[in-house]
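Q: Please find one structure pasted underneath; my questions will follow.
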Amino acid sequence: MRGIAAILFLVLMSGCSAKNFAPVVDIYGQDARQRKVTSGTHHVREGETLYSIAWRYGWDYRELAKANRIPAPFTIYPGQRISLALASSSATAPVTSSKLSSASKPAPAAKPSPAVKPAPKASSTASPAPSSGTPVAGPVTWRWPASGSVVERFSNASSGRKGIAISGRHNSPVVAAADGRVVYRGSGLTGYGNLLIIKHSERWLSAYAHNDKMLVKEGDTVKAGQQVATMGSSGTFRTQLHFEIRKDGKPVDPMQYLPKQ
């Protein structure tokens, strides 16, 4: 009996340990996949933007918009269907501002009329003055998004981290790593907790995960070094900042772009 009790205790303890690590499944590339998902359909939920959907499925947001004929400024609505199973002909079809394909039309109940305010949290790029919020073209100058030690590094392995983890104290500052515009603020991506995504140029995006407080909103223009959040432990098991850089929709090693410490 004592032997059985000991075995049961070890099983329970190992189960608790696994549960602690379960929330970071996306960050380790098992759900927010490194390879682009090209099958199925995503139904837009409240709070999502085209950028967060592209991030989830490994797409470049421009490619996903073009394939679904979603014109700039890439406004989407709850109930809308985003196709991930696209024939090459539809993926290369021109984007038109007058019509949306059947794959990208909002569901009838979610389709806004001109006299009705759209459902909450449409794509952040639909700001009244896009020219003031559009990141400038050209190379991106990166800076560290937080002070602290790098406790986990980027990995190309299928189950590896797709960014870096920076340790820190609870509520310590998280700053924008470069000039840009906030294109997602929310907690809808499993494993990222409170997440900010910033667009720096047409090709470059960065993400800041596990925040405690988020101090900017979608559509805000931010400057490099501007505080955008406070460090926390949302969606993870310790206080840390998970920081990602994506180029053309693909995760890249931030250590190759950040200045030497």
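Quick note on naming: the chains in the structure tokens go A, B, ... in the order shown, residues restart at 1 in each chain, and ligands are numbered from 1 in order of appearance.
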Wanna dump the segment 173-193 of chain A-segment 233-237 of chain A contacts at 12 Å for me, each residue with its shortest atom pair and the distance in Å to one decimal, counting only C-alpha atoms, ordered by chain and number, as JSON lines?

A:
```
{"residue": "A:Gly186", "atom": "CA", "partner": "A:Ser234", "partner_atom": "CA", "distance": 11.4}
{"residue": "A:Ser187", "atom": "CA", "partner": "A:Gly235", "partner_atom": "CA", "distance": 8.6}
{"residue": "A:Gly188", "atom": "CA", "partner": "A:Gly235", "partner_atom": "CA", "distance": 10.6}
{"residue": "A:Leu189", "atom": "CA", "partner": "A:Gly235", "partner_atom": "CA", "distance": 9.5}
{"residue": "A:Thr190", "atom": "CA", "partner": "A:Gly235", "partner_atom": "CA", "distance": 7.5}
{"residue": "A:Gly191", "atom": "CA", "partner": "A:Gly235", "partner_atom": "CA", "distance": 5.1}
{"residue": "A:Tyr192", "atom": "CA", "partner": "A:Gly235", "partner_atom": "CA", "distance": 5.5}
{"residue": "A:Gly193", "atom": "CA", "partner": "A:Gly235", "partner_atom": "CA", "distance": 3.9}
```

Q: Could you write out the selected residues, including all heavy atoms, as an mmCIF file, in the first residue's frame?

A:
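As a result, out_18.cif now contains:
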```cif
data_model
loop_
_atom_site.group_PDB
_atom_site.id
_atom_site.type_symbol
_atom_site.label_atom_id
_atom_site.label_comp_id
_atom_site.auth_asym_id
_atom_site.auth_seq_id
_atom_site.Cartn_x
_atom_site.Cartn_y
_atom_site.Cartn_z
ATOM 1 N N GLY A 186 -4.614 42.619 -26.442
ATOM 2 C CA GLY A 186 -5.602 41.674 -25.947
ATOM 3 C C GLY A 186 -4.969 40.464 -25.316
ATOM 4 O O GLY A 186 -3.757 40.392 -25.107
ATOM 5 N N SER A 187 -5.823 39.476 -25.023
ATOM 6 C CA SER A 187 -5.353 38.244 -24.389
ATOM 7 C C SER A 187 -5.944 37.028 -25.098
ATOM 8 O O SER A 187 -6.173 35.995 -24.475
ATOM 9 C CB SER A 187 -5.745 38.238 -22.903
ATOM 10 O OG SER A 187 -7.155 38.419 -22.757
ATOM 11 N N GLY A 188 -6.199 37.161 -26.392
ATOM 12 C CA GLY A 188 -6.866 36.106 -27.135
ATOM 13 C C GLY A 188 -5.957 35.026 -27.682
ATOM 14 O O GLY A 188 -6.456 34.034 -28.205
ATOM 15 N N LEU A 189 -4.645 35.186 -27.597
ATOM 16 C CA LEU A 189 -3.718 34.160 -28.088
ATOM 17 C C LEU A 189 -3.217 33.341 -26.910
ATOM 18 O O LEU A 189 -2.488 33.847 -26.050
ATOM 19 C CB LEU A 189 -2.539 34.789 -28.841
ATOM 20 C CG LEU A 189 -2.768 35.029 -30.341
ATOM 21 C CD1 LEU A 189 -3.772 36.162 -30.530
ATOM 22 C CD2 LEU A 189 -1.472 35.358 -31.039
ATOM 23 N N THR A 190 -3.634 32.086 -26.860
ATOM 24 C CA THR A 190 -3.297 31.226 -25.730
ATOM 25 C C THR A 190 -1.796 31.170 -25.503
ATOM 26 O O THR A 190 -1.024 30.983 -26.436
ATOM 27 C CB THR A 190 -3.812 29.801 -25.983
ATOM 28 O OG1 THR A 190 -5.206 29.841 -26.264
ATOM 29 C CG2 THR A 190 -3.564 28.907 -24.774
ATOM 30 N N GLY A 191 -1.406 31.359 -24.250
ATOM 31 C CA GLY A 191 0.004 31.245 -23.899
ATOM 32 C C GLY A 191 0.755 32.556 -23.891
ATOM 33 O O GLY A 191 1.879 32.620 -23.406
ATOM 34 N N TYR A 192 0.149 33.633 -24.420
ATOM 35 C CA TYR A 192 0.813 34.933 -24.451
ATOM 36 C C TYR A 192 0.332 35.865 -23.333
ATOM 37 O O TYR A 192 0.930 36.906 -23.099
ATOM 38 C CB TYR A 192 0.578 35.620 -25.796
ATOM 39 C CG TYR A 192 1.388 35.070 -26.944
ATOM 40 C CD1 TYR A 192 0.959 33.966 -27.657
ATOM 41 C CD2 TYR A 192 2.599 35.655 -27.318
ATOM 42 C CE1 TYR A 192 1.697 33.458 -28.716
ATOM 43 C CE2 TYR A 192 3.342 35.156 -28.379
ATOM 44 C CZ TYR A 192 2.881 34.056 -29.071
ATOM 45 O OH TYR A 192 3.621 33.563 -30.116
ATOM 46 N N GLY A 193 -0.753 35.507 -22.661
ATOM 47 C CA GLY A 193 -1.289 36.389 -21.641
ATOM 48 C C GLY A 193 -1.715 37.715 -22.243
ATOM 49 O O GLY A 193 -2.239 37.770 -23.360
#
```

Q: Find the distance between atom CA of Val252 of chain A and atom CA of Ala67 of chain A and write it in Å to one decimal.

A: 23.6 Å

Q: I want to know what sits within 7 Å of segment 166-169 of chain A, based on only C-alpha atoms, with residues of the same chain fewer than 2 positions away left out; could you give that as a CSV table (one decimal) with N, CA and C atoms, in the first residue's frame?

A:
```csv
chain,number,residue,atom,x,y,z
A,148,GLY,N,16.9,43.6,-17.9
A,148,GLY,CA,16.8,42.3,-17.2
A,148,GLY,C,17.7,41.3,-18.0
A,149,SER,N,17.8,40.1,-17.4
A,149,SER,CA,18.6,39.1,-18.1
A,149,SER,C,17.8,38.2,-19.0
A,150,VAL,N,18.4,37.8,-20.1
A,150,VAL,CA,17.7,36.9,-21.1
A,150,VAL,C,17.8,35.5,-20.5
A,151,VAL,N,16.7,35.0,-20.1
A,151,VAL,CA,16.6,33.7,-19.4
A,151,VAL,C,16.3,32.5,-20.3
A,164,ILE,N,12.5,35.7,-27.2
A,164,ILE,CA,13.3,35.6,-26.0
A,164,ILE,C,12.5,35.9,-24.8
A,171,ASN,N,5.8,44.6,-12.5
A,171,ASN,CA,5.4,46.0,-12.8
A,171,ASN,C,6.6,46.9,-13.3
A,172,SER,N,7.8,46.2,-13.6
A,172,SER,CA,8.9,47.0,-14.2
A,172,SER,C,8.5,47.4,-15.6
A,239,THR,N,7.2,35.9,-13.6
A,239,THR,CA,7.3,37.3,-14.1
A,239,THR,C,8.4,37.4,-15.1
A,240,GLN,N,8.0,37.8,-16.4
A,240,GLN,CA,8.9,37.8,-17.5
A,240,GLN,C,8.3,38.6,-18.6
A,241,LEU,N,9.1,39.0,-19.6
A,241,LEU,CA,8.6,39.5,-20.8
A,241,LEU,C,9.0,38.6,-21.9
A,242,HIS,N,8.0,38.1,-22.6
A,242,HIS,CA,8.3,37.3,-23.8
A,242,HIS,C,8.3,38.3,-25.0
```

Q: Would you mind writing down, as a count of residues only, each residue of segment 169-238 of chain A that DSSP on the backbone assigns to strand (DSSP E)?

A: 34

Q: What gap, in Å, lies between atom CA of Tyr77 of chain A and atom CA of Lys247 of chain A?

A: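 These atoms are spaced 25.6 Å apart.
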
Q: Nearest to Glu63 of chain A: which of A:Lys162, A:Val183, A:His170, A:Glu202 is it, counting only C-alpha atoms?

A: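 Closest to Glu63 of chain A, using only C-alpha atoms: A:Glu202.
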
Q: As an exercise, work out the distance from atom CA of Phe243 of chain A to atom CA of Gly40 of chain A in Å and give it to one decimal place.

A: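 One can read the atom CA of Phe243 of chain A to atom CA of Gly40 of chain A distance as 28.4 Å.
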
Q: With distances taken over only C-alpha atoms, which of A:Ile197, A:Pro251, A:Val174, A:Asn211 is nearest to Ala157 of chain A?

A: A:Pro251

Q: Which is closest to Tyr184 of chain A among A:Lys217, A:Arg45, A:Arg153, A:Arg238, if we use only C-alpha atoms?

A: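 Under the stated criterion, the closest residue is A:Lys217.
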
Q: Show which residues sit within 12 Å of Ala54 of chain A, as a ChimeraX atom specification. Count only C-alpha atoms, and ignore same-chain residues fewer than 3 positions away.

A: /A:32-38,42,44,48-51,57-68,74,82-84,183-184,189,197,205,246,248-250

Q: Can I get the selected residues back with N, CA and C atoms, as a CSV table (one decimal), in the first residue's frame?

A:
```csv
chain,number,residue,atom,x,y,z
A,32,ALA,N,0.8,28.4,-32.0
A,32,ALA,CA,1.1,29.5,-32.8
A,32,ALA,C,2.3,29.0,-33.7
A,33,ARG,N,1.9,28.4,-34.8
A,33,ARG,CA,2.8,27.5,-35.5
A,33,ARG,C,3.9,28.2,-36.2
A,34,GLN,N,5.1,27.6,-36.3
A,34,GLN,CA,6.2,28.2,-37.1
A,34,GLN,C,5.9,28.1,-38.6
A,35,ARG,N,5.2,27.0,-39.0
A,35,ARG,CA,4.8,26.9,-40.4
A,35,ARG,C,3.4,27.4,-40.6
A,36,LYS,N,3.2,28.0,-41.8
A,36,LYS,CA,1.9,28.6,-42.1
A,36,LYS,C,0.8,27.5,-42.2
A,37,VAL,N,-0.3,27.8,-41.6
A,37,VAL,CA,-1.4,26.9,-41.6
A,37,VAL,C,-2.2,27.2,-42.9
A,38,THR,N,-2.4,26.2,-43.8
A,38,THR,CA,-3.1,26.5,-45.0
A,38,THR,C,-4.3,25.6,-45.2
A,42,HIS,N,-11.0,30.4,-40.2
A,42,HIS,CA,-11.0,31.0,-38.9
A,42,HIS,C,-12.2,32.0,-38.8
A,44,VAL,N,-13.8,35.0,-37.0
A,44,VAL,CA,-13.3,36.2,-36.2
A,44,VAL,C,-14.1,36.3,-35.0
A,48,GLU,N,-10.3,40.4,-31.9
A,48,GLU,CA,-9.2,40.0,-32.8
A,48,GLU,C,-9.0,41.0,-33.9
A,49,THR,N,-7.8,41.1,-34.4
A,49,THR,CA,-7.5,41.9,-35.5
A,49,THR,C,-6.8,41.0,-36.6
A,50,LEU,N,-6.7,41.5,-37.8
A,50,LEU,CA,-6.1,40.7,-38.9
A,50,LEU,C,-4.7,40.3,-38.5
A,51,TYR,N,-4.0,41.2,-37.7
A,51,TYR,CA,-2.6,41.0,-37.3
A,51,TYR,C,-2.5,39.9,-36.3
A,57,TYR,N,-1.6,32.0,-37.0
A,57,TYR,CA,-1.5,30.9,-38.0
A,57,TYR,C,-0.2,31.0,-38.8
A,58,GLY,N,0.7,31.9,-38.4
A,58,GLY,CA,2.0,31.9,-39.1
A,58,GLY,C,2.0,32.6,-40.5
A,59,TRP,N,1.0,33.5,-40.7
A,59,TRP,CA,0.9,34.2,-42.0
A,59,TRP,C,1.5,35.6,-41.9
A,60,ASP,N,2.0,36.1,-43.0
A,60,ASP,CA,2.2,37.5,-43.1
A,60,ASP,C,0.9,38.2,-43.3
A,61,TYR,N,0.6,39.2,-42.5
A,61,TYR,CA,-0.8,39.8,-42.5
A,61,TYR,C,-1.1,40.3,-43.9
A,62,ARG,N,-0.2,40.8,-44.7
A,62,ARG,CA,-0.4,41.3,-46.0
A,62,ARG,C,-0.9,40.1,-46.9
A,63,GLU,N,-0.2,39.0,-46.8
A,63,GLU,CA,-0.5,37.8,-47.6
A,63,GLU,C,-1.9,37.3,-47.2
A,64,LEU,N,-2.3,37.3,-45.9
A,64,LEU,CA,-3.6,36.8,-45.5
A,64,LEU,C,-4.7,37.7,-46.0
A,65,ALA,N,-4.4,39.0,-46.0
A,65,ALA,CA,-5.4,40.0,-46.4
A,65,ALA,C,-5.6,39.9,-47.9
A,66,LYS,N,-4.5,39.7,-48.7
A,66,LYS,CA,-4.6,39.6,-50.1
A,66,LYS,C,-5.4,38.4,-50.5
A,67,ALA,N,-5.0,37.2,-49.9
A,67,ALA,CA,-5.7,36.0,-50.2
A,67,ALA,C,-7.2,36.0,-49.9
A,68,ASN,N,-7.6,36.8,-48.9
A,68,ASN,CA,-9.0,36.9,-48.6
A,68,ASN,C,-9.7,38.1,-49.1
A,74,PHE,N,-7.6,46.9,-43.6
A,74,PHE,CA,-7.7,45.6,-43.1
A,74,PHE,C,-8.7,45.5,-41.9
A,82,ILE,N,-12.3,34.0,-42.2
A,82,ILE,CA,-11.0,34.1,-42.8
A,82,ILE,C,-10.6,32.7,-43.3
A,83,SER,N,-10.5,32.6,-44.6
A,83,SER,CA,-10.1,31.3,-45.1
A,83,SER,C,-8.6,31.1,-45.0
A,84,LEU,N,-8.2,29.9,-44.5
A,84,LEU,CA,-6.8,29.5,-44.5
A,84,LEU,C,-6.5,28.5,-45.5
A,183,VAL,N,-1.1,47.4,-33.2
A,183,VAL,CA,-2.1,46.8,-34.0
A,183,VAL,C,-2.8,45.7,-33.3
A,184,TYR,N,-2.4,45.4,-32.1
A,184,TYR,CA,-3.2,44.4,-31.3
A,184,TYR,C,-2.9,44.6,-29.9
A,189,LEU,N,-4.6,35.2,-27.6
A,189,LEU,CA,-3.7,34.2,-28.1
A,189,LEU,C,-3.2,33.3,-26.9
A,197,ILE,N,1.0,43.8,-29.9
A,197,ILE,CA,1.7,43.6,-31.1
A,197,ILE,C,1.9,45.0,-31.7
A,205,LEU,N,7.1,43.3,-37.4
A,205,LEU,CA,6.2,43.4,-36.3
A,205,LEU,C,7.0,42.9,-35.0
A,246,ARG,N,9.0,39.5,-35.8
A,246,ARG,CA,8.6,38.8,-37.0
A,246,ARG,C,8.9,39.6,-38.2
A,248,ASP,N,8.1,39.6,-42.3
A,248,ASP,CA,7.3,39.0,-43.3
A,248,ASP,C,6.5,37.8,-42.7
A,249,GLY,N,6.1,38.0,-41.5
A,249,GLY,CA,5.3,36.9,-40.8
A,249,GLY,C,6.0,35.8,-40.2
A,250,LYS,N,7.4,35.8,-40.3
A,250,LYS,CA,8.1,34.7,-39.8
A,250,LYS,C,8.9,35.1,-38.6
```

Q: Using only C-alpha atoms, which residues sit within 10 Å of Gly180 of chain A once same-chain residues fewer than 3 positions away are excluded, as a list in words?

A: Gly133, Thr134, Pro135, Val136, Val140, Ala176, Ala177, Val183, Ile197, Ile198, Lys199, His200, Ser201, Trp204, Leu205, Ser206, Gly219, Asp220, Thr221, Val222, Lys223 and Ala224 of chain A

Q: Counting only C-alpha atoms, which of A:Lys260, A:Arg81, A:Arg69, A:Lys213 gets nearest to Gln227 of chain A?

A: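 For Gln227 of chain A, the nearest of the given residues is A:Lys213.
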